[in-house]
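For reference, the structure is listed below as structure tokens.
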Amino acid sequence: MGVKGLSGFKVAVLAGDGVKDVPLAEPIRALEEAGAKVIMITPQGRGTRHIALHDRTNRIRENVELNEADPAEFDALLLSDSETKDASGIDEQARNFVRNINQQEKPIAVVCGQAQDLLAFSQDMIRTFVDEKQRKRRAA
């Protein structure tokens with residue numbers, strides 16, 4: 001997707017650490033190629049979150065600690081199923097962040113670690129996010 005249809009669109013990425021984040025590499029690459037600004041949301045005290053070993057872009061992304069992240073600043077949310085499989089393990093602060101994004105009726109995409117075709121998932125996600133951006137522009 002070489003189209004820059006998401007220029008100016010800000011996407012929060014809330015995900016697990018390390019190997020669990022492998023499924024996020026392709027969707028993040030697709031978002032960035034479409035012009036979106038991707039911000040990694042990092043749990044407090046956990047340090048920088050990255051997926052560099054599996055990320056072909058080898059780019060350093062902006063990180064914001066969860067306790068400093070304002071859901072109102074984002075246009076969409078990308079989650080890894082490693083954060084959502086066991087609801088009992090989800091930090092209350094992370095739950096509130098996701099709940100706030102949902103209450104603002106912003107698009108949320110969840111990458112499943114078992115996805116057979118992450119490229120197709122990424123393309124569908126981009127189309128959905130572009131549609132949301134266009135809807136907001138028309139409403140303004």
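Residues are named by chain letter and number: chains run A, B, ... in the order of the structure tokens, numbers start at 1 in each chain, and ligands are numbered from 1 in the order shown.
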Check your understanding: Residues at most 12 Å from Glu105 (chain A), counting only C-alpha atoms, excluding those fewer than 3 positions away in the same chain, as number ranges by chain?
Key -> A: 71-72, 74-77, 98-102, 108, 132, 135-136
Review point. Skipping near chain neighbours, those fewer than 4 positions away, what residues fall within 9 Å of Ile126 (chain A) using only C-alpha atoms, listed as a list in words?
Key: Met1, Gly5, Leu6, Pro27, Ala30, Leu31, Ala34, Phe121, Ser122, Val130 and Asp131 of chain A
Exercise for review: Using only C-alpha atoms, determine which residues lie at most 8 Å from Lys10 (chain A), disregarding the query and same-chain residues fewer than 2 positions distant; provide the list as a ChimeraX atom specification.
Suggested key: /A:8,12,36-39,73-76
Kindly save the residues from that selection, with C-alpha atoms included, as an mmCIF file, in the first residue's frame.
data_model
loop_
_atom_site.group_PDB
_atom_site.id
_atom_site.type_symbol
_atom_site.label_atom_id
_atom_site.label_comp_id
_atom_site.auth_asym_id
_atom_site.auth_seq_id
_atom_site.Cartn_x
_atom_site.Cartn_y
_atom_site.Cartn_z
ATOM 1 C CA GLY A 8 -1.674 12.966 9.662
ATOM 2 C CA ALA A 12 -1.527 4.027 19.219
ATOM 3 C CA ALA A 36 0.243 7.100 9.635
ATOM 4 C CA LYS A 37 2.302 8.089 12.630
ATOM 5 C CA VAL A 38 2.685 5.016 14.849
ATOM 6 C CA ILE A 39 3.208 5.558 18.571
ATOM 7 C CA GLU A 73 -4.626 12.376 20.872
ATOM 8 C CA PHE A 74 -4.995 9.213 18.767
ATOM 9 C CA ASP A 75 -7.154 8.467 15.749
ATOM 10 C CA ALA A 76 -7.068 4.669 16.096
#
**Study point:** Minimum-distance residue to Phe9 (chain A), chosen among A:Glu33, A:Ala25, A:Thr42, A:Gln123 (using only C-alpha atoms)
**Key:**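 When distances to Phe9 (chain A) are compared using only C-alpha atoms, the smallest one comes from A:Glu33.
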Exercise for review: Could you tell me how far CA of Glu32 (chain A) lies from CA of Leu119 (chain A), in Å and to one decimal?
Suggested key: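 Taking CA of Glu32 (chain A) as the start and CA of Leu119 (chain A) as the end point, the length is 13.6 Å.
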Check your understanding: Skipping near chain neighbours, those fewer than 2 positions away, what residues fall within 10 Å of Leu66 (chain A) using only C-alpha atoms, listed as an MDAnalysis selection string?
Key -> chainID A and resid 14 40:45 63:64 68:71 93:94 97
**Study point:** Of the listed residues A:Cys112, A:Arg127, A:Leu79, A:Asn67, that which approaches Asn96 (chain A) most closely, counting only C-alpha atoms
**Key:**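 Among the listed residues, the smallest separation from Asn96 (chain A) belongs to A:Asn67.
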Point to revise | Which of A:Ala120, A:Met125, A:Leu24, A:Val11 sits closest to Ser80 (chain A) [using only C-alpha atoms] | key: A:Leu24
